[in-house]
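Accompanying notes for the structure given below.
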Amino acid sequence: MNPRRGKKRKPFHRRKVCRFCAEHTTHIDFKDIRVLRNFVTERGKIIPRRISGNCARHQRLLTTAIKRARTMALMPYTALSPSSM
Amino acid sequence: MKPRRYETLILLDPDISPEEQEKLNEKLTGIIDSMKGRVLRVENWGRRRLAYPVRKQMYGIYVLLDFMGGPELQAEIDRNLRIEEAVSKHLTLILEKDFSEERYEAELERLQAEKAAREAALQESDSEPLGPTGRFGDQDEGDNEDEDEDSDEDYSSSSR
């Protein structure tokens, strides 16, 4: 076993604060797609927490909100489908 | 039984007539009333473009129903929605678990105040009357180009 496993860490750590925590948001509304859109790529994929900077709790709320919006056709599952978001 | 606050979003066939819409509206509010529930708000967002085709349609009519009631009422509402042909999709959430009468009054006021404020703002700015709370902004076309590789490597499209 290589004794140096796990020693080297990429020094890339997002220190930015969670946008929702900053505003003390309690509830992320799935109908609020204007907000939700910011956390989804052009392809419609949900942006990972390490990029978006969200805290764990809000990322979870955000994810369920996005998924709900998707089921109600407010947001696409993938942006390759012939429609806009 | 502790009443709860439910929120139901309904997606309707875009081609239904206003009369049918009205009928459905009344049917639902009727159910709510008959089971001693209370309607908080009913919002009709009108015809909207869908993010993906639903029942072969690209447009749909959204109706938001915010009401107070018990679980039996919610079950009844959902049951009826499932039966209704014009309803293509619906989603019901529990907003608040213990929704007392006072909370109801408070929320009712708050929502009506918000609505009034929004309508006032709408008059002034003359913006598009889109979406319930004006939060939906524009419905501009997204990027429809084919993406061969996974160009998601850079997440620069998102704002930080």
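If you're wondering about the labels, chains in the structure tokens are A, B, ... by order shown, residues count from 1 in each chain, ligands from 1 in order shown.
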
Practice item. For Val17 (chain A), list every protein, DNA or RNA residue within 10 Å, evaluated using only C-alpha atoms, and leave out those in the same chain fewer than 6 positions away; present the list as a VMD selection string. Key: (chain A and resid 52 to 55) or (chain B and resid 160)

Those residues with N, CA, C and O atoms, as a PDB file, in the first residue's frame please?
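Now in result_39.pdb:
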```
ATOM      1  N   SER A  52     -21.364  25.616  -6.378  1.00  0.00           N
ATOM      2  CA  SER A  52     -22.343  26.664  -6.089  1.00  0.00           C
ATOM      3  C   SER A  52     -22.078  27.339  -4.757  1.00  0.00           C
ATOM      4  O   SER A  52     -22.494  28.466  -4.540  1.00  0.00           O
ATOM      5  N   GLY A  53     -21.397  26.623  -3.874  1.00  0.00           N
ATOM      6  CA  GLY A  53     -21.081  27.230  -2.596  1.00  0.00           C
ATOM      7  C   GLY A  53     -22.173  27.117  -1.567  1.00  0.00           C
ATOM      8  O   GLY A  53     -22.105  27.703  -0.491  1.00  0.00           O
ATOM      9  N   ASN A  54     -23.182  26.378  -1.872  1.00  0.00           N
ATOM     10  CA  ASN A  54     -24.273  26.241  -0.919  1.00  0.00           C
ATOM     11  C   ASN A  54     -23.917  25.343   0.244  1.00  0.00           C
ATOM     12  O   ASN A  54     -23.084  24.457   0.126  1.00  0.00           O
ATOM     13  N   CYS A  55     -24.584  25.572   1.326  1.00  0.00           N
ATOM     14  CA  CYS A  55     -24.373  24.706   2.466  1.00  0.00           C
ATOM     15  C   CYS A  55     -25.185  23.431   2.238  1.00  0.00           C
ATOM     16  O   CYS A  55     -26.085  23.392   1.416  1.00  0.00           O
TER      17      CYS A  55
ATOM     18  N   ARG B 160     -22.357  33.213  -9.126  1.00  0.00           N
ATOM     19  CA  ARG B 160     -21.839  32.789  -7.811  1.00  0.00           C
ATOM     20  C   ARG B 160     -22.138  33.837  -6.797  1.00  0.00           C
ATOM     21  O   ARG B 160     -21.434  34.576  -6.325  1.00  0.00           O
TER      22      ARG B 160
END
```

Review point. Near chain B, which residues of chain A fall within 9 Å when you count only C-alpha atoms, and what do they look like as a PyMOL selection string?
Key: chain A and resi 16+19+31-35+37-43+45+47+51-53+68+70-85

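For the pair CA of Ile28 (chain A) and CA of Leu93 (chain B), the interatomic distance is 12.8 Å.
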
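Between CA of Leu65 (chain B) and CA of Leu122 (chain B) the separation is 22.3 Å.
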
Any idea what's packed within 12 Å of region 114-117 of chain B, counting only C-alpha atoms, ignoring anything in its chain fewer than 2 positions away? Could you give it as a short mmCIF file (atom, residue, chain, number, x, y, z; two decimals) with all heavy atoms, in the first residue's frame?
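The resulting file, out-v9.cif, is reproduced below:
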```cif
data_model
loop_
_atom_site.label_atom_id
_atom_site.label_comp_id
_atom_site.auth_asym_id
_atom_site.auth_seq_id
_atom_site.Cartn_x
_atom_site.Cartn_y
_atom_site.Cartn_z
N ARG B 41 -55.86 30.73 -1.46
CA ARG B 41 -55.79 31.47 -2.71
C ARG B 41 -55.87 30.51 -3.88
O ARG B 41 -55.51 29.34 -3.76
CB ARG B 41 -54.48 32.26 -2.78
CG ARG B 41 -53.26 31.40 -2.78
CD ARG B 41 -52.00 32.16 -2.97
NE ARG B 41 -50.88 31.36 -2.46
CZ ARG B 41 -49.63 31.49 -2.87
NH1 ARG B 41 -49.32 32.40 -3.77
NH2 ARG B 41 -48.68 30.73 -2.36
N VAL B 42 -56.34 31.04 -4.97
CA VAL B 42 -56.37 30.30 -6.21
C VAL B 42 -55.71 31.18 -7.25
O VAL B 42 -56.16 32.29 -7.51
CB VAL B 42 -57.83 30.00 -6.65
CG1 VAL B 42 -57.82 29.26 -7.96
CG2 VAL B 42 -58.54 29.20 -5.60
N GLU B 43 -54.66 30.69 -7.84
CA GLU B 43 -53.98 31.50 -8.85
C GLU B 43 -53.99 30.77 -10.17
O GLU B 43 -53.63 29.60 -10.24
CB GLU B 43 -52.53 31.75 -8.43
CG GLU B 43 -52.37 32.89 -7.47
CD GLU B 43 -50.91 33.11 -7.13
OE1 GLU B 43 -50.05 32.68 -7.92
OE2 GLU B 43 -50.63 33.71 -6.08
N GLU B 107 -52.20 34.69 7.07
CA GLU B 107 -51.68 34.40 5.75
C GLU B 107 -52.57 34.99 4.67
O GLU B 107 -52.10 35.49 3.65
CB GLU B 107 -51.55 32.89 5.54
CG GLU B 107 -50.30 32.31 6.16
CD GLU B 107 -49.04 32.85 5.50
OE1 GLU B 107 -48.90 32.70 4.28
OE2 GLU B 107 -48.23 33.45 6.21
N LEU B 108 -53.86 34.89 4.88
CA LEU B 108 -54.80 35.43 3.91
C LEU B 108 -54.53 36.91 3.68
O LEU B 108 -54.43 37.38 2.56
CB LEU B 108 -56.23 35.22 4.43
CG LEU B 108 -57.35 35.42 3.42
CD1 LEU B 108 -57.17 34.49 2.25
CD2 LEU B 108 -58.68 35.18 4.08
N GLU B 109 -54.38 37.60 4.79
CA GLU B 109 -54.09 39.03 4.68
C GLU B 109 -52.79 39.27 3.95
O GLU B 109 -52.71 40.08 3.03
CB GLU B 109 -53.96 39.62 6.09
CG GLU B 109 -55.20 40.25 6.61
CD GLU B 109 -54.94 40.93 7.93
OE1 GLU B 109 -54.05 41.80 7.96
OE2 GLU B 109 -55.60 40.55 8.90
N ARG B 110 -51.78 38.54 4.39
CA ARG B 110 -50.46 38.75 3.82
C ARG B 110 -50.48 38.52 2.32
O ARG B 110 -49.95 39.31 1.54
CB ARG B 110 -49.47 37.81 4.50
CG ARG B 110 -48.03 38.09 4.17
CD ARG B 110 -47.12 37.10 4.86
NE ARG B 110 -47.27 35.75 4.32
CZ ARG B 110 -46.59 35.31 3.27
NH1 ARG B 110 -45.74 36.11 2.66
NH2 ARG B 110 -46.78 34.09 2.84
N LEU B 111 -51.13 37.43 1.92
CA LEU B 111 -51.15 37.12 0.50
C LEU B 111 -51.91 38.16 -0.29
O LEU B 111 -51.52 38.53 -1.39
CB LEU B 111 -51.77 35.74 0.29
CG LEU B 111 -50.91 34.59 0.79
CD1 LEU B 111 -51.69 33.30 0.75
CD2 LEU B 111 -49.65 34.46 -0.03
N GLN B 112 -53.00 38.62 0.29
CA GLN B 112 -53.78 39.62 -0.43
C GLN B 112 -53.03 40.93 -0.53
O GLN B 112 -53.11 41.63 -1.54
CB GLN B 112 -55.14 39.80 0.22
CG GLN B 112 -56.03 38.62 -0.11
CD GLN B 112 -57.32 38.64 0.65
OE1 GLN B 112 -57.46 39.40 1.60
NE2 GLN B 112 -58.25 37.81 0.24
N GLU B 119 -49.95 43.99 -8.07
CA GLU B 119 -50.79 44.57 -9.12
C GLU B 119 -50.53 46.05 -9.28
O GLU B 119 -50.55 46.57 -10.38
CB GLU B 119 -52.26 44.30 -8.82
CG GLU B 119 -52.67 42.94 -9.36
CD GLU B 119 -53.92 42.44 -8.71
OE1 GLU B 119 -54.61 43.26 -8.10
OE2 GLU B 119 -54.19 41.23 -8.81
N ALA B 120 -50.24 46.69 -8.17
CA ALA B 120 -49.92 48.11 -8.24
C ALA B 120 -48.63 48.31 -9.02
O ALA B 120 -48.52 49.15 -9.89
CB ALA B 120 -49.79 48.69 -6.83
N ALA B 121 -47.66 47.48 -8.68
CA ALA B 121 -46.37 47.58 -9.37
C ALA B 121 -46.53 47.30 -10.84
O ALA B 121 -45.90 47.92 -11.69
CB ALA B 121 -45.37 46.62 -8.74
N LEU B 122 -47.39 46.38 -11.15
CA LEU B 122 -47.61 45.99 -12.54
C LEU B 122 -48.17 47.16 -13.34
O LEU B 122 -47.85 47.39 -14.48
CB LEU B 122 -48.57 44.80 -12.60
CG LEU B 122 -48.20 43.74 -13.61
CD1 LEU B 122 -46.92 43.08 -13.17
CD2 LEU B 122 -49.30 42.72 -13.70
N GLN B 123 -49.05 47.91 -12.69
CA GLN B 123 -49.65 49.05 -13.36
C GLN B 123 -48.56 50.04 -13.74
O GLN B 123 -48.52 50.56 -14.85
CB GLN B 123 -50.64 49.75 -12.43
CG GLN B 123 -51.75 48.86 -11.92
CD GLN B 123 -52.78 48.58 -12.98
OE1 GLN B 123 -52.71 49.11 -14.08
NE2 GLN B 123 -53.73 47.73 -12.65
N GLU B 124 -47.70 50.29 -12.77
CA GLU B 124 -46.69 51.33 -13.00
C GLU B 124 -45.68 50.93 -14.04
O GLU B 124 -45.46 51.61 -15.02
CB GLU B 124 -45.97 51.62 -11.69
CG GLU B 124 -46.83 52.31 -10.67
CD GLU B 124 -46.12 52.33 -9.32
OE1 GLU B 124 -44.90 52.22 -9.33
OE2 GLU B 124 -46.81 52.45 -8.30
N PRO B 132 -47.32 34.09 -11.44
CA PRO B 132 -48.17 34.53 -10.32
C PRO B 132 -47.57 35.69 -9.56
O PRO B 132 -48.22 36.69 -9.30
CB PRO B 132 -48.24 33.31 -9.41
CG PRO B 132 -47.00 32.58 -9.72
CD PRO B 132 -46.67 32.83 -11.16
N THR B 133 -46.33 35.54 -9.20
CA THR B 133 -45.73 36.57 -8.39
C THR B 133 -44.74 37.37 -9.20
O THR B 133 -43.90 38.07 -8.67
CB THR B 133 -44.98 35.93 -7.22
OG1 THR B 133 -44.00 35.06 -7.76
CG2 THR B 133 -45.94 35.12 -6.38
N GLY B 134 -44.84 37.24 -10.49
CA GLY B 134 -43.90 37.98 -11.32
C GLY B 134 -42.49 37.45 -11.20
O GLY B 134 -41.54 38.05 -11.65
#
```

Exercise for review: Excluding Arg60 (chain A) and any residue of its chain fewer than 4 positions from it, enumerate the residues within 12 Å of it, using only C-alpha atoms, and give them as a PyMOL selection string.
Suggested key: chain A and resi 20+27-28+46-49+54-56+64-67

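Relative to CA of Tyr6 (chain B), CA of Ala86 (chain B) is found at 21.3 Å.
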
**Study point:** Selected residue, from B:Met68, B:Glu105, B:Arg82, B:Met1, that lies nearest to Arg38 (chain B) when counting only C-alpha atoms
**Key:** B:Met68
